[in-house]
$ cat protein05.cif   # mmCIF, C-alpha atoms
data_final
#
loop_
_atom_site.group_PDB
_atom_site.id
_atom_site.type_symbol
_atom_site.label_atom_id
_atom_site.label_comp_id
_atom_site.auth_asym_id
_atom_site.auth_seq_id
_atom_site.Cartn_x
_atom_site.Cartn_y
_atom_site.Cartn_z
ATOM 1 C CA MET Q 1204 -63.017 103.667 45.584
ATOM 2 C CA SER Q 1205 -60.480 105.534 47.698
ATOM 3 C CA LYS Q 1206 -62.687 105.489 50.835
ATOM 4 C CA VAL Q 1207 -61.378 108.879 51.984
ATOM 5 C CA ASN Q 1208 -63.625 111.822 52.738
ATOM 6 C CA PHE Q 1209 -63.256 115.580 52.597
ATOM 7 C CA ASP Q 1210 -62.836 116.025 56.355
ATOM 8 C CA SER Q 1211 -60.063 113.446 56.711
ATOM 9 C CA LEU Q 1212 -58.116 115.041 53.849
ATOM 10 C CA LEU Q 1213 -58.624 118.469 55.409
ATOM 11 C CA GLU Q 1214 -57.394 117.255 58.787
ATOM 12 C CA ALA Q 1215 -54.289 115.742 57.168
ATOM 13 C CA GLY Q 1216 -53.441 119.054 55.486
ATOM 14 C CA VAL Q 1217 -53.734 117.665 51.971
ATOM 15 C CA HIS Q 1218 -55.139 121.025 50.833
ATOM 16 C CA PHE Q 1219 -52.057 123.090 51.631
ATOM 17 C CA GLY Q 1220 -50.119 124.007 48.489
ATOM 18 C CA HIS Q 1221 -46.986 126.101 48.005
ATOM 19 C CA LEU Q 1222 -46.530 129.854 48.045
ATOM 20 C CA LYS Q 1223 -48.306 131.603 45.185
ATOM 21 C CA ARG Q 1224 -45.015 132.767 43.685
ATOM 22 C CA LYS Q 1225 -43.870 129.144 43.343
ATOM 23 C CA TRP Q 1226 -46.952 127.843 41.589
ATOM 24 C CA ASN Q 1227 -47.147 126.122 38.238
ATOM 25 C CA PRO Q 1228 -49.955 127.663 36.103
ATOM 26 C CA ALA Q 1229 -50.904 124.197 34.867
ATOM 27 C CA MET Q 1230 -52.219 123.489 38.381
ATOM 28 C CA ALA Q 1231 -54.843 126.254 38.084
ATOM 29 C CA PRO Q 1232 -57.790 123.808 37.581
ATOM 30 C CA TYR Q 1233 -56.938 122.149 40.919
ATOM 31 C CA ILE Q 1234 -56.560 125.295 43.033
ATOM 32 C CA PHE Q 1235 -59.556 126.359 45.103
ATOM 33 C CA ASP Q 1236 -58.298 129.588 46.673
ATOM 34 C CA GLU Q 1237 -55.348 131.540 48.012
ATOM 35 C CA LYS Q 1238 -54.853 132.382 51.673
ATOM 36 C CA LYS Q 1239 -51.989 134.462 53.060
ATOM 37 C CA GLY Q 1240 -49.994 133.921 49.885
ATOM 38 C CA ILE Q 1241 -50.447 130.135 49.922
ATOM 39 C CA HIS Q 1242 -52.483 128.240 47.336
ATOM 40 C CA ILE Q 1243 -55.264 125.995 48.625
ATOM 41 C CA ILE Q 1244 -55.902 122.769 46.704
ATOM 42 C CA ASP Q 1245 -59.489 121.862 45.825
ATOM 43 C CA LEU Q 1246 -60.062 118.691 47.854
ATOM 44 C CA ASN Q 1247 -63.088 117.725 45.776
ATOM 45 C CA LYS Q 1248 -60.705 117.430 42.814
ATOM 46 C CA THR Q 1249 -58.293 115.474 45.007
ATOM 47 C CA ILE Q 1250 -60.999 112.952 45.917
ATOM 48 C CA ALA Q 1251 -62.096 112.548 42.282
ATOM 49 C CA HIS Q 1252 -58.567 111.950 41.021
ATOM 50 C CA LEU Q 1253 -57.684 109.704 43.960
ATOM 51 C CA ASP Q 1254 -60.730 107.545 43.190
ATOM 52 C CA GLN Q 1255 -59.571 107.174 39.576
ATOM 53 C CA ALA Q 1256 -56.048 106.284 40.662
ATOM 54 C CA CYS Q 1257 -57.283 103.757 43.221
ATOM 55 C CA ALA Q 1258 -59.549 102.045 40.675
ATOM 56 C CA ALA Q 1259 -56.646 101.726 38.217
ATOM 57 C CA MET Q 1260 -54.282 100.471 40.917
ATOM 58 C CA LYS Q 1261 -56.775 97.807 41.977
ATOM 59 C CA GLN Q 1262 -56.979 96.464 38.427
ATOM 60 C CA ILE Q 1263 -53.191 96.388 38.071
ATOM 61 C CA ALA Q 1264 -52.845 94.428 41.316
ATOM 62 C CA LYS Q 1265 -55.695 92.103 40.329
ATOM 63 C CA SER Q 1266 -53.841 91.274 37.115
ATOM 64 C CA GLY Q 1267 -50.820 90.169 39.147
ATOM 65 C CA LYS Q 1268 -48.500 92.961 37.995
ATOM 66 C CA LYS Q 1269 -46.120 95.095 40.049
ATOM 67 C CA VAL Q 1270 -46.273 98.805 40.872
ATOM 68 C CA LEU Q 1271 -43.017 100.592 41.674
ATOM 69 C CA PHE Q 1272 -43.212 103.294 44.368
ATOM 70 C CA VAL Q 1273 -40.654 106.104 44.400
ATOM 71 C CA ALA Q 1274 -40.156 108.647 47.194
ATOM 72 C CA THR Q 1275 -36.680 109.679 48.296
ATOM 73 C CA LYS Q 1276 -37.643 112.789 50.287
ATOM 74 C CA LYS Q 1277 -37.066 112.489 54.023
ATOM 75 C CA GLN Q 1278 -40.689 112.865 55.151
ATOM 76 C CA ALA Q 1279 -41.894 110.102 52.808
ATOM 77 C CA LYS Q 1280 -39.247 107.388 53.287
ATOM 78 C CA GLU Q 1281 -40.615 105.719 56.399
ATOM 79 C CA ILE Q 1282 -44.212 105.907 55.174
ATOM 80 C CA ILE Q 1283 -43.310 104.277 51.862
ATOM 81 C CA THR Q 1284 -41.213 101.572 53.522
ATOM 82 C CA ASP Q 1285 -43.956 100.603 55.998
ATOM 83 C CA ARG Q 1286 -46.939 100.730 53.641
ATOM 84 C CA ILE Q 1287 -45.345 99.204 50.555
ATOM 85 C CA THR Q 1288 -43.539 96.395 52.364
ATOM 86 C CA ALA Q 1289 -46.936 95.305 53.718
ATOM 87 C CA ILE Q 1290 -48.338 94.823 50.194
ATOM 88 C CA ASN Q 1291 -45.136 93.284 48.822
ATOM 89 C CA MET Q 1292 -44.488 95.824 46.068
ATOM 90 C CA PRO Q 1293 -41.076 97.206 44.989
ATOM 91 C CA PHE Q 1294 -40.060 100.679 46.149
ATOM 92 C CA VAL Q 1295 -37.170 103.143 46.051
ATOM 93 C CA THR Q 1296 -36.520 105.422 49.028
ATOM 94 C CA GLU Q 1297 -32.807 106.051 48.530
ATOM 95 C CA ARG Q 1298 -31.204 107.892 45.632
ATOM 96 C CA TRP Q 1299 -32.739 107.033 42.265
ATOM 97 C CA SER Q 1300 -30.027 105.360 40.229
ATOM 98 C CA GLY Q 1301 -30.123 106.786 36.694
ATOM 99 C CA GLY Q 1302 -31.145 104.101 34.210
ATOM 100 C CA MET Q 1303 -32.875 101.997 36.864
ATOM 101 C CA LEU Q 1304 -35.729 101.472 34.387
ATOM 102 C CA THR Q 1305 -34.338 102.443 30.987
ATOM 103 C CA ASN Q 1306 -31.287 100.258 31.542
ATOM 104 C CA PHE Q 1307 -33.099 97.538 33.441
ATOM 105 C CA GLN Q 1308 -30.707 94.772 32.416
ATOM 106 C CA THR Q 1309 -27.896 96.526 34.275
ATOM 107 C CA THR Q 1310 -30.178 96.922 37.283
ATOM 108 C CA ARG Q 1311 -30.917 93.199 37.282
ATOM 109 C CA LYS Q 1312 -27.177 92.509 36.963
ATOM 110 C CA SER Q 1313 -26.528 94.506 40.143
ATOM 111 C CA ILE Q 1314 -29.284 92.590 41.959
ATOM 112 C CA ARG Q 1315 -27.812 89.257 40.834
ATOM 113 C CA LYS Q 1316 -24.418 90.373 42.154
ATOM 114 C CA MET Q 1317 -26.033 91.036 45.536
ATOM 115 C CA VAL Q 1318 -27.692 87.615 45.497
ATOM 116 C CA SER Q 1319 -24.400 85.915 44.560
ATOM 117 C CA ILE Q 1320 -22.686 87.431 47.609
ATOM 118 C CA ASP Q 1321 -25.492 86.077 49.812
ATOM 119 C CA LYS Q 1322 -25.017 82.669 48.225
ATOM 120 C CA MET Q 1323 -21.322 82.718 49.132
ATOM 121 C CA LYS Q 1324 -22.299 82.739 52.801
ATOM 122 C CA THR Q 1325 -24.391 79.583 52.454
ATOM 123 C CA ASP Q 1326 -22.374 77.426 50.055
ATOM 124 C CA GLY Q 1327 -19.065 77.624 51.934
ATOM 125 C CA THR Q 1328 -17.335 80.027 49.525
ATOM 126 C CA TRP Q 1329 -17.292 82.782 52.167
ATOM 127 C CA GLU Q 1330 -14.988 80.706 54.369
ATOM 128 C CA THR Q 1331 -12.381 80.504 51.600
ATOM 129 C CA LEU Q 1332 -12.038 84.296 51.365
ATOM 130 C CA ASN Q 1333 -9.413 86.179 53.324
ATOM 131 C CA LYS Q 1334 -10.294 89.001 55.714
ATOM 132 C CA ARG Q 1335 -9.710 91.753 53.146
ATOM 133 C CA GLU Q 1336 -11.883 90.047 50.518
ATOM 134 C CA ARG Q 1337 -14.693 89.537 53.024
ATOM 135 C CA LEU Q 1338 -14.597 93.191 54.013
ATOM 136 C CA PHE Q 1339 -14.737 94.257 50.349
ATOM 137 C CA LYS Q 1340 -17.675 91.923 49.618
ATOM 138 C CA THR Q 1341 -19.516 93.068 52.746
ATOM 139 C CA ARG Q 1342 -19.186 96.743 51.801
ATOM 140 C CA GLN Q 1343 -20.197 95.969 48.221
ATOM 141 C CA ARG Q 1344 -23.245 94.044 49.471
ATOM 142 C CA ASP Q 1345 -24.300 96.875 51.797
ATOM 143 C CA LYS Q 1346 -24.018 99.418 48.989
ATOM 144 C CA LEU Q 1347 -26.085 97.276 46.622
ATOM 145 C CA GLU Q 1348 -28.673 96.582 49.329
ATOM 146 C CA LYS Q 1349 -29.154 100.289 49.979
ATOM 147 C CA THR Q 1350 -29.895 101.000 46.318
ATOM 148 C CA PHE Q 1351 -31.476 97.786 45.025
ATOM 149 C CA GLY Q 1352 -32.587 95.790 48.085
ATOM 150 C CA SER Q 1353 -36.187 96.999 47.968
ATOM 151 C CA ILE Q 1354 -36.567 96.079 44.271
ATOM 152 C CA ALA Q 1355 -34.742 92.736 44.415
ATOM 153 C CA ASP Q 1356 -37.958 90.836 43.604
ATOM 154 C CA MET Q 1357 -38.780 93.032 40.591
ATOM 155 C CA THR Q 1358 -37.801 90.616 37.829
ATOM 156 C CA ARG Q 1359 -39.296 92.744 35.057
ATOM 157 C CA GLN Q 1360 -40.232 96.355 34.448
ATOM 158 C CA PRO Q 1361 -43.205 97.459 36.564
ATOM 159 C CA ALA Q 1362 -46.703 97.838 35.151
ATOM 160 C CA ALA Q 1363 -46.928 101.308 36.720
ATOM 161 C CA ILE Q 1364 -44.969 103.731 38.878
ATOM 162 C CA PHE Q 1365 -46.220 105.845 41.791
ATOM 163 C CA ILE Q 1366 -44.229 108.969 42.674
ATOM 164 C CA VAL Q 1367 -44.285 111.351 45.618
ATOM 165 C CA ASP Q 1368 -43.038 114.756 44.361
ATOM 166 C CA ILE Q 1369 -42.442 114.681 40.605
ATOM 167 C CA LEU Q 1370 -40.043 117.624 40.790
ATOM 168 C CA LYS Q 1371 -37.645 115.767 43.058
ATOM 169 C CA GLU Q 1372 -38.129 112.461 41.211
ATOM 170 C CA HIS Q 1373 -38.008 113.967 37.706
ATOM 171 C CA ILE Q 1374 -35.491 111.365 36.488
ATOM 172 C CA ALA Q 1375 -37.729 108.469 37.536
ATOM 173 C CA LEU Q 1376 -40.712 110.180 35.891
ATOM 174 C CA ALA Q 1377 -38.769 110.785 32.673
ATOM 175 C CA GLU Q 1378 -37.641 107.139 32.489
ATOM 176 C CA ALA Q 1379 -41.183 105.857 33.032
ATOM 177 C CA LYS Q 1380 -42.587 108.151 30.344
ATOM 178 C CA ARG Q 1381 -39.831 107.152 27.918
ATOM 179 C CA LEU Q 1382 -40.762 103.490 28.382
ATOM 180 C CA GLY Q 1383 -44.508 104.110 28.233
ATOM 181 C CA ILE Q 1384 -45.047 102.987 31.833
ATOM 182 C CA PRO Q 1385 -48.270 104.481 33.316
ATOM 183 C CA THR Q 1386 -47.474 107.111 35.946
ATOM 184 C CA PHE Q 1387 -49.327 107.939 39.160
ATOM 185 C CA ALA Q 1388 -48.213 110.772 41.428
ATOM 186 C CA MET Q 1389 -49.037 113.192 44.191
ATOM 187 C CA VAL Q 1390 -48.816 116.563 42.443
ATOM 188 C CA ASP Q 1391 -48.401 119.768 44.469
ATOM 189 C CA THR Q 1392 -49.130 123.307 43.268
ATOM 190 C CA ASN Q 1393 -45.523 123.818 42.119
ATOM 191 C CA SER Q 1394 -45.650 120.901 39.653
ATOM 192 C CA ASP Q 1395 -47.058 120.214 36.189
ATOM 193 C CA PRO Q 1396 -49.885 117.640 36.407
ATOM 194 C CA ARG Q 1397 -49.846 117.203 32.615
ATOM 195 C CA LEU Q 1398 -46.668 115.138 32.950
ATOM 196 C CA VAL Q 1399 -48.516 112.419 34.873
ATOM 197 C CA ASP Q 1400 -51.143 109.960 33.625
ATOM 198 C CA PHE Q 1401 -52.950 109.848 36.984
ATOM 199 C CA PRO Q 1402 -52.152 113.061 38.891
ATOM 200 C CA ILE Q 1403 -53.476 113.393 42.443
ATOM 201 C CA PRO Q 1404 -53.508 117.073 43.483
ATOM 202 C CA ALA Q 1405 -52.198 117.045 47.046
ATOM 203 C CA ASN Q 1406 -49.661 118.400 49.483
ATOM 204 C CA ASP Q 1407 -46.556 116.256 48.825
ATOM 205 C CA ASP Q 1408 -44.491 117.699 51.694
ATOM 206 C CA ALA Q 1409 -46.500 116.962 54.853
ATOM 207 C CA THR Q 1410 -46.135 113.522 56.419
ATOM 208 C CA LYS Q 1411 -49.864 113.201 57.240
ATOM 209 C CA SER Q 1412 -50.837 114.155 53.704
ATOM 210 C CA ILE Q 1413 -48.487 111.604 52.155
ATOM 211 C CA ALA Q 1414 -49.684 108.937 54.589
ATOM 212 C CA ILE Q 1415 -53.422 109.356 53.904
ATOM 213 C CA ILE Q 1416 -52.939 109.243 50.125
ATOM 214 C CA LEU Q 1417 -50.644 106.200 50.366
ATOM 215 C CA ASP Q 1418 -53.096 104.431 52.665
ATOM 216 C CA ALA Q 1419 -55.837 104.836 50.068
ATOM 217 C CA ILE Q 1420 -53.618 103.632 47.222
ATOM 218 C CA CYS Q 1421 -52.277 100.667 49.194
ATOM 219 C CA GLY Q 1422 -55.775 99.755 50.334
ATOM 220 C CA SER Q 1423 -56.909 99.519 46.713
ATOM 221 C CA ILE Q 1424 -53.879 97.413 45.773
ATOM 222 C CA LYS Q 1425 -54.625 95.053 48.661
ATOM 223 C CA GLU Q 1426 -58.218 94.735 47.447
ATOM 224 C CA GLY Q 1427 -56.928 93.857 43.994
ATOM 225 C CA LEU Q 1428 -54.553 91.244 45.402
ATOM 226 C CA ASP Q 1429 -57.335 89.741 47.544
ATOM 227 C CA ASP Q 1430 -59.654 89.575 44.521
ATOM 228 C CA ARG Q 1431 -56.936 87.823 42.546
ATOM 229 C CA LYS Q 1432 -56.426 85.307 45.337
ATOM 230 C CA THR Q 1433 -60.175 84.684 45.635
ATOM 231 C CA THR Q 1434 -60.505 84.150 41.881
ATOM 232 C CA ALA Q 1435 -57.577 81.727 41.856
ATOM 233 C CA THR Q 1436 -59.072 79.720 44.736
ATOM 234 C CA LYS Q 1437 -62.480 79.635 43.075
ATOM 235 C CA ASP Q 1438 -61.007 78.422 39.783
ATOM 236 C CA LYS Q 1439 -59.062 75.743 41.642
ATOM 237 C CA ASP Q 1440 -62.186 74.519 43.428
ATOM 238 C CA GLU Q 1441 -64.256 74.510 40.244
ATOM 239 C CA ALA Q 1442 -61.675 72.608 38.196
ATOM 240 C CA PRO Q 1443 -62.433 69.113 39.643
ATOM 241 C CA ALA Q 1444 -66.194 69.620 39.164
ATOM 242 C CA THR Q 1445 -65.634 70.684 35.559
ATOM 243 C CA GLU Q 1446 -63.453 67.651 34.894
ATOM 244 C CA GLU Q 1447 -66.047 65.357 36.484
ATOM 245 C CA ALA Q 1448 -68.826 66.842 34.340
ATOM 246 C CA ALA Q 1449 -66.721 66.391 31.211
ATOM 247 C CA ALA Q 1450 -66.077 62.778 32.120
ATOM 248 C CA LYS Q 1451 -69.812 62.111 32.529
ATOM 249 C CA VAL Q 1452 -70.470 63.634 29.112
ATOM 250 C CA GLU Q 1453 -67.934 61.271 27.565
ATOM 251 C CA GLU Q 1454 -69.518 58.293 29.346
ATOM 252 C CA THR Q 1455 -72.936 59.271 27.949
ATOM 253 C CA LYS Q 1456 -71.537 59.402 24.414
ATOM 254 C CA GLU Q 1457 -70.115 55.908 24.794
#
$ encode --input "protein05.cif" --output "structure tokens"
Amino acid sequence: MSKVNFDSLLEAGVHFGHLKRKWNPAMAPYIFDEKKGIHIIDLNKTIAHLDQACAAMKQIAKSGKKVLFVATKKQAKEIITDRITAINMPFVTERWSGGMLTNFQTTRKSIRKMVSIDKMKTDGTWETLNKRERLFKTRQRDKLEKTFGSIADMTRQPAAIFIVDILKEHIALAEAKRLGIPTFAMVDTNSDPRLVDFPIPANDDATKSIAIILDAICGSIKEGLDDRKTTATKDKDEAPATEEAAAKVEETKE
């Protein structure tokens, strides 16, 4: 469960949509009212869809798979970085590099190049380079870090992708859909929720709104990770007892 209530969503401004003239008709089922030319999102629908998304996210995390978070808009960058780093999931807050998913082998090649430069500094190779070569490698490393640093541990395509603002991140959404990767997203009144597998009707522009939705999603992922850890520990503890029981059965047969 998302563990968020109507009042907390209201206080965070999750209900504020865009101007009526900017709306997408496909969002009609999620719009409660219109005030002063601005659409108001039905928070009861938000809670229902957020609960579904949280339940799915928990299962993905429990299975040990990765979720990629994408949000390059200014008001979401810091929130994504703080929340997602804490749960050790990959994220993209800089420009989405076209083909990051559909051409994943090239993405991994860029990450390996970044790792190889780091290795140079530890195996003595760095000392053999002249000043110009070091400067070139440093700039190359910084550029790669900015784009791929936050997904360096993503060794395979993610099990799902979470997007803040599907209009701005339309390339990331298109790549995920092309590959059949389940999509989760905050969908505002100017977007088409039909493009997303798990749409969460919500204000995707306000910092507080983004934060409260991300907190719920990250909380569910953490629960899934904790459940996975608990299950692994339990299996480890039960293994010796199972082996001992099996041994006794064999002794009885003899």
$ atom_distance --input "protein05.cif" --atom1 "CA of Ala1414 (chain Q)" --atom2 "CA of Ile1314 (chain Q)"
29.0 Å
$ atom_distance --input "protein05.cif" --atom1 "CA of Val1318 (chain Q)" --atom2 "CA of Pro1361 (chain Q)"
20.4 Å
$ resolve_selection --input "protein05.cif" --expression "the PyMOL selection byres ((chain Q and resi 1296) around 8)" --output "PyMOL selection string"
chain Q and resi 1273-1276+1280+1283-1284+1294-1295+1297-1299
$ residues_around --input "protein05.cif" --residues "Ala1258 (chain Q)" --least-positions-apart "2" --cutoff "9 Å" --atoms "all atoms listed in the file" --output "compact mmCIF listing (two decimals) with C-alpha atoms, in the frame of the given file"
# COMPACT_ATOMS: atom_id res chain seq x y z
CA MET Q 1204 -63.02 103.67 45.58
CA SER Q 1205 -60.48 105.53 47.70
CA LEU Q 1253 -57.68 109.70 43.96
CA ASP Q 1254 -60.73 107.54 43.19
CA GLN Q 1255 -59.57 107.17 39.58
CA ALA Q 1256 -56.05 106.28 40.66
CA MET Q 1260 -54.28 100.47 40.92
CA LYS Q 1261 -56.78 97.81 41.98
CA GLN Q 1262 -56.98 96.46 38.43
CA ILE Q 1263 -53.19 96.39 38.07
CA ILE Q 1420 -53.62 103.63 47.22
CA SER Q 1423 -56.91 99.52 46.71
CA ILE Q 1424 -53.88 97.41 45.77
$ resolve_selection --input "protein05.cif" --expression "the PyMOL selection byres ((chain Q and resi 1343) around 12)" --output "list in words"
Ser1313, Ile1314, Lys1316, Met1317, Val1318, Ser1319, Ile1320, Asp1321, Glu1336, Arg1337, Leu1338, Phe1339, Lys1340, Thr1341, Arg1342, Arg1344, Asp1345, Lys1346, Leu1347, Glu1348, Lys1349, Thr1350 and Phe1351 of chain Q
